[in-house]
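Dumped final_31.pdb below, it's PDB, C-alpha atoms:
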```
ATOM      1  CA  MET U   2      19.136 -57.158 -23.615
ATOM      2  CA  LEU U   3      16.084 -54.918 -23.190
ATOM      3  CA  LEU U   4      13.670 -54.451 -26.009
ATOM      4  CA  ASP U   5      12.460 -50.983 -27.074
ATOM      5  CA  SER U   6       8.944 -51.851 -25.966
ATOM      6  CA  GLN U   7      10.123 -52.212 -22.360
ATOM      7  CA  TYR U   8      11.086 -48.537 -22.068
ATOM      8  CA  VAL U   9       8.502 -46.024 -20.934
ATOM      9  CA  SER U  10       8.642 -42.820 -22.891
ATOM     10  CA  LEU U  11       8.091 -39.349 -21.487
ATOM     11  CA  ASN U  12       5.010 -39.052 -23.673
ATOM     12  CA  ASP U  13       3.478 -42.042 -21.930
ATOM     13  CA  ILE U  14       4.075 -40.483 -18.510
ATOM     14  CA  LEU U  15       2.842 -37.032 -19.416
ATOM     15  CA  ASN U  16      -0.110 -37.918 -21.555
ATOM     16  CA  GLU U  17      -2.983 -35.584 -22.374
ATOM     17  CA  ASP U  18      -5.257 -36.951 -19.629
ATOM     18  CA  PHE U  19      -2.846 -35.820 -16.935
ATOM     19  CA  PHE U  20      -2.833 -32.232 -18.199
ATOM     20  CA  HIS U  21      -6.575 -32.062 -18.792
ATOM     21  CA  LYS U  22      -7.297 -33.245 -15.254
ATOM     22  CA  SER U  23      -4.719 -31.111 -13.463
ATOM     23  CA  LEU U  24      -4.912 -27.872 -15.481
ATOM     24  CA  PRO U  25      -7.872 -26.362 -13.533
ATOM     25  CA  VAL U  26      -6.172 -27.146 -10.216
ATOM     26  CA  ILE U  27      -2.893 -25.599 -11.364
ATOM     27  CA  ALA U  28      -4.705 -22.508 -12.681
ATOM     28  CA  ILE U  29      -6.568 -22.039  -9.393
ATOM     29  CA  LEU U  30      -3.330 -22.380  -7.404
ATOM     30  CA  ILE U  31      -1.551 -19.822  -9.601
ATOM     31  CA  ILE U  32      -4.444 -17.348  -9.293
ATOM     32  CA  ALA U  33      -4.585 -17.858  -5.510
ATOM     33  CA  ILE U  34      -0.833 -17.252  -5.148
ATOM     34  CA  MET U  35      -1.019 -14.129  -7.323
ATOM     35  CA  ALA U  36      -3.986 -12.787  -5.311
ATOM     36  CA  LEU U  37      -2.139 -13.402  -2.043
ATOM     37  CA  CYS U  38       0.952 -11.594  -3.332
ATOM     38  CA  TRP U  39      -1.180  -8.664  -4.540
ATOM     39  CA  PHE U  40      -2.903  -8.441  -1.146
ATOM     40  CA  LEU U  41       0.391  -8.489   0.759
ATOM     41  CA  VAL U  42       1.953  -5.825  -1.463
ATOM     42  CA  ALA U  43      -1.137  -3.592  -1.173
ATOM     43  CA  LYS U  44      -1.149  -4.006   2.599
ATOM     44  CA  LYS U  45       2.551  -3.103   2.799
ATOM     45  CA  VAL U  46       2.122  -0.026   0.573
ATOM     46  CA  ASN U  47      -0.860   1.137   2.622
ATOM     47  CA  LYS U  48       1.066   0.654   5.876
ATOM     48  CA  ASP U  49       4.079   2.541   4.493
ATOM     49  CA  ILE U  50       1.919   5.450   3.348
ATOM     50  CA  TYR U  51      -0.557   5.793   6.219
ATOM     51  CA  GLY U  52       1.329   4.165   9.119
ATOM     52  CA  ASP U  53       0.240   1.282  11.293
ATOM     53  CA  GLY U  54      -1.562   3.306  13.976
ATOM     54  CA  ARG U  55       0.314   1.728  16.885
ATOM     55  CA  SER U  56       2.537   4.714  17.616
ATOM     56  CA  VAL U  57       2.002   7.114  20.503
ATOM     57  CA  ARG U  58      -0.438   9.922  19.753
ATOM     58  CA  GLU U  59       1.293  13.300  19.611
ATOM     59  CA  ARG U  60       0.092  16.879  19.332
ATOM     60  CA  ALA U  61       2.049  19.867  17.982
ATOM     61  CA  HIS U  62       0.769  23.438  18.429
ATOM     62  CA  ASP U  63       1.258  26.446  16.133
ATOM     63  CA  VAL U  64       2.179  24.293  13.155
ATOM     64  CA  LEU U  65       2.399  25.930   9.709
ATOM     65  CA  VAL U  66       1.114  24.224   6.544
ATOM     66  CA  VAL U  67       4.033  24.616   4.123
ATOM     67  CA  GLN U  68       2.975  22.568   1.093
ATOM     68  CA  LYS U  69       0.229  20.354  -0.338
ATOM     69  CA  ARG U  70       0.680  17.887  -3.178
ATOM     70  CA  SER U  71      -1.026  14.921  -4.800
ATOM     71  CA  VAL U  72       0.707  11.999  -6.515
ATOM     72  CA  PRO U  73      -0.721   8.985  -8.380
ATOM     73  CA  HIS U  74      -1.313   5.946  -6.180
ATOM     74  CA  PRO U  75       1.205   3.164  -7.031
ATOM     75  CA  MET U  76      -1.482   0.466  -6.962
ATOM     76  CA  SER U  77      -4.290   2.265  -8.840
ATOM     77  CA  LYS U  78      -4.382   4.453 -11.930
ATOM     78  CA  SER U  79      -7.488   6.331 -10.812
ATOM     79  CA  ALA U  80      -6.519   7.084  -7.199
ATOM     80  CA  VAL U  81      -4.145   9.699  -5.807
ATOM     81  CA  ILE U  82      -2.288  10.100  -2.530
ATOM     82  CA  ASN U  83      -2.485  13.540  -0.949
ATOM     83  CA  TYR U  84       0.455  14.806   1.074
ATOM     84  CA  VAL U  85       0.669  17.811   3.392
ATOM     85  CA  LEU U  86       3.994  19.188   4.644
ATOM     86  CA  PHE U  87       3.895  20.824   8.078
ATOM     87  CA  GLU U  88       6.536  22.884   9.876
ATOM     88  CA  THR U  89       6.651  23.020  13.675
ATOM     89  CA  ASN U  90       7.816  25.924  15.889
ATOM     90  CA  ASP U  91      11.329  24.526  16.132
ATOM     91  CA  GLY U  92      11.700  24.308  12.332
ATOM     92  CA  LYS U  93      11.087  20.544  12.085
ATOM     93  CA  ARG U  94       9.237  19.555   8.900
ATOM     94  CA  ILE U  95       6.853  16.603   8.889
ATOM     95  CA  GLU U  96       4.992  15.259   5.850
ATOM     96  CA  PHE U  97       1.874  13.103   6.095
ATOM     97  CA  ALA U  98      -0.350  11.292   3.638
ATOM     98  CA  VAL U  99      -3.793  12.813   4.197
ATOM     99  CA  LYS U 100      -6.969  11.129   2.980
ATOM    100  CA  GLU U 101      -9.759  13.139   1.363
ATOM    101  CA  SER U 102     -11.965  12.039   4.263
ATOM    102  CA  ASP U 103      -9.516  13.766   6.661
ATOM    103  CA  ASN U 104     -10.469  17.162   5.153
ATOM    104  CA  PHE U 105      -7.503  17.423   2.799
ATOM    105  CA  GLY U 106      -9.439  20.010   0.779
ATOM    106  CA  MET U 107     -10.004  22.214   3.844
ATOM    107  CA  ILE U 108      -6.274  22.501   4.636
ATOM    108  CA  ALA U 109      -4.610  25.427   2.864
ATOM    109  CA  VAL U 110      -0.970  26.428   2.510
ATOM    110  CA  GLY U 111      -0.224  29.093   5.116
ATOM    111  CA  ASP U 112      -2.712  27.795   7.707
ATOM    112  CA  ILE U 113      -1.509  27.696  11.309
ATOM    113  CA  GLY U 114      -2.997  25.329  13.835
ATOM    114  CA  THR U 115      -2.668  22.198  15.934
ATOM    115  CA  LEU U 116      -1.461  18.950  14.352
ATOM    116  CA  GLU U 117      -2.333  15.520  15.762
ATOM    117  CA  TYR U 118      -0.441  12.452  14.588
ATOM    118  CA  ALA U 119       0.767   9.023  15.650
ATOM    119  CA  GLY U 120       4.055   7.990  14.065
ATOM    120  CA  LYS U 121       3.563   8.363  10.311
ATOM    121  CA  MET U 122      -0.243   8.456  10.583
ATOM    122  CA  PHE U 123      -2.063  11.784  10.245
ATOM    123  CA  LEU U 124      -4.912  12.137  12.768
ATOM    124  CA  GLY U 125      -6.043  15.712  12.298
ATOM    125  CA  PHE U 126      -5.251  19.378  11.794
ATOM    126  CA  TYR U 127      -7.212  22.076  13.615
ATOM    127  CA  ARG U 128      -6.772  25.533  12.107
ATOM    128  CA  LYS U 129      -6.402  28.639  14.319
ATOM    129  CA  ARG U 130      -7.170  31.161  11.603
TER     130      ARG U 130
END
```

This structure in C-alpha cells:
Amino acid sequence: MLLDSQYVSLNDILNEDFFHKSLPVIAILIIAIMALCWFLVAKKVNKDIYGDGRSVRERAHDVLVVQKRSVPHPMSKSAVINYVLFETNDGKRIEFAVKESDNFGMIAVGDIGTLEYAGKMFLGFYRKR
C-alpha cells in the first residue's frame, strides 16, 4: 500500500519558481506571435487595397472620372483610403485606391484623360482638360 507522502501533488510540479522563471519567456513569445499576426494581416490588407504590382501595365485613353470617395482605413483610426471610380470608352467601370502622393487631390469628378494601371494598382491619371 502506498503512503500519501509518496504521491506528488500538482502543486509540487507547478510551484511558484516555475512560473516566475518562465513568465517572461511566455510573455515574449505571445507578444512576438501577436506582432507577426498583425504584420501579416496588415500586409494582406495593403495588398488587397493597392495590388501586388506584378500585373501587366495597362493604359486606357479618354477615361472619365465618375466618382471620388474616402473611407476609414481598417487598420488605423487616423488614416483614410481614397478611391477613384473611372469609366472607360466602352462603359467599363474600374475603381482604384489612390494614395495622396498619387495626386488624389488633383483628380476631379468629370475629368477626362489617360489612366495607367497594373491589375488593381493605380499608376497614374493624366488629365486632358

field: Residues matched by the PyMOL selection byres ((chain U and resi 114) around 8) as a VMD selection string
entry: chain U and resid 62 to 65 112 to 113 115 to 116 126 to 130

field: Residues within 8 Å of segment 73-86 of chain U, all atoms listed in the file, excluding chain neighbours under 4 positions, as a PyMOL selection string
entry: chain U and resi 43+66-69+94-101+105

Those residues with C-alpha atoms, as a PDB file, in the frame of the given file please?
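Contents of result_5.pdb, freshly written:
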```pdb
ATOM      1  CA  ALA U  43      -1.137  -3.592  -1.173  1.00  0.00           C
ATOM      2  CA  VAL U  66       1.114  24.224   6.544  1.00  0.00           C
ATOM      3  CA  VAL U  67       4.033  24.616   4.123  1.00  0.00           C
ATOM      4  CA  GLN U  68       2.975  22.568   1.093  1.00  0.00           C
ATOM      5  CA  LYS U  69       0.229  20.354  -0.338  1.00  0.00           C
ATOM      6  CA  ARG U  94       9.237  19.555   8.900  1.00  0.00           C
ATOM      7  CA  ILE U  95       6.853  16.603   8.889  1.00  0.00           C
ATOM      8  CA  GLU U  96       4.992  15.259   5.850  1.00  0.00           C
ATOM      9  CA  PHE U  97       1.874  13.103   6.095  1.00  0.00           C
ATOM     10  CA  ALA U  98      -0.350  11.292   3.638  1.00  0.00           C
ATOM     11  CA  VAL U  99      -3.793  12.813   4.197  1.00  0.00           C
ATOM     12  CA  LYS U 100      -6.969  11.129   2.980  1.00  0.00           C
ATOM     13  CA  GLU U 101      -9.759  13.139   1.363  1.00  0.00           C
ATOM     14  CA  PHE U 105      -7.503  17.423   2.799  1.00  0.00           C
TER      15      PHE U 105
END
```

field: Two-atom distance - atom CA of Thr89 of chain U, atom CA of Phe123 of chain U (Å)
entry: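 Answer for the atom CA of Thr89 of chain U to atom CA of Phe123 of chain U separation: 14.6 Å.
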
With 8 Å on each side, where is the centre of the axis-aligned box around all listed atoms of segment 60-71 of chain U, and how long are its edges in Å to one decimal, as lines of an AutoDock Vina configuration file?
```
center_x = 1.5
center_y = 20.7
center_z = 7.3
size_x = 21.1
size_y = 27.5
size_z = 40.1
```

task: Could you jot down the atom CA of Asn47 of chain U to atom CA of Val72 of chain U separation for me, Å, one decimal place?
output: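 Answer for the atom CA of Asn47 of chain U to atom CA of Val72 of chain U separation: 14.3 Å.
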
- request: Work out how far atom CA of Val110 of chain U is from atom CA of Glu88 of chain U, in Å to one decimal.
  value: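 Value for the atom CA of Glu88 of chain U-atom CA of Val110 of chain U distance: 11.1 Å.
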
Step by step: locate segment 97-114 of chain U in the block above, keep N, CA and C atoms, then write the file as a CSV table (one decimal), in the first residue's frame.
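Output file part_33.csv is given in full below:
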```
chain,number,residue,atom,x,y,z
U,97,PHE,N,-10.1,52.3,-58.2
U,97,PHE,CA,-8.7,52.1,-57.7
U,97,PHE,C,-8.6,52.9,-56.3
U,98,ALA,N,-7.8,52.3,-55.4
U,98,ALA,CA,-7.4,53.0,-54.3
U,98,ALA,C,-6.2,53.9,-54.7
U,99,VAL,N,-6.3,55.2,-54.4
U,99,VAL,CA,-5.4,56.2,-54.9
U,99,VAL,C,-4.8,56.9,-53.6
U,100,LYS,N,-3.5,56.8,-53.5
U,100,LYS,CA,-2.8,57.4,-52.4
U,100,LYS,C,-2.7,59.0,-52.6
U,101,GLU,N,-2.6,59.7,-51.5
U,101,GLU,CA,-2.5,61.1,-51.5
U,101,GLU,C,-1.3,61.5,-52.4
U,102,SER,N,-0.2,60.7,-52.3
U,102,SER,CA,1.0,61.0,-53.0
U,102,SER,C,0.8,60.8,-54.5
U,103,ASP,N,-0.2,60.1,-54.9
U,103,ASP,CA,-0.5,59.9,-56.4
U,103,ASP,C,-1.4,61.0,-56.9
U,104,ASN,N,-1.4,62.2,-56.2
U,104,ASN,CA,-2.2,63.3,-56.7
U,104,ASN,C,-3.7,63.1,-56.6
U,105,PHE,N,-4.2,62.5,-55.5
U,105,PHE,CA,-5.6,62.2,-55.4
U,105,PHE,C,-6.4,63.6,-55.4
U,106,GLY,N,-5.8,64.6,-54.7
U,106,GLY,CA,-6.4,65.9,-54.6
U,106,GLY,C,-6.5,66.6,-56.0
U,107,MET,N,-5.7,66.3,-56.9
U,107,MET,CA,-5.7,66.9,-58.2
U,107,MET,C,-6.7,66.3,-59.2
U,108,ILE,N,-7.2,65.1,-58.9
U,108,ILE,CA,-8.2,64.5,-59.7
U,108,ILE,C,-9.6,65.0,-59.3
U,109,ALA,N,-10.4,65.4,-60.3
U,109,ALA,CA,-11.7,65.9,-60.1
U,109,ALA,C,-12.7,65.1,-60.8
U,110,VAL,N,-13.9,65.0,-60.3
U,110,VAL,CA,-15.0,64.3,-60.9
U,110,VAL,C,-15.3,65.1,-62.2
U,111,GLY,N,-15.4,64.3,-63.3
U,111,GLY,CA,-15.7,64.9,-64.6
U,111,GLY,C,-14.4,65.1,-65.5
U,112,ASP,N,-13.3,64.9,-64.9
U,112,ASP,CA,-12.0,64.9,-65.7
U,112,ASP,C,-12.0,63.8,-66.7
U,113,ILE,N,-11.4,64.1,-67.8
U,113,ILE,CA,-11.2,63.1,-68.9
U,113,ILE,C,-9.7,63.0,-69.1
U,114,GLY,N,-9.1,61.8,-69.3
U,114,GLY,CA,-7.7,61.7,-69.5
U,114,GLY,C,-7.3,60.3,-69.7
```
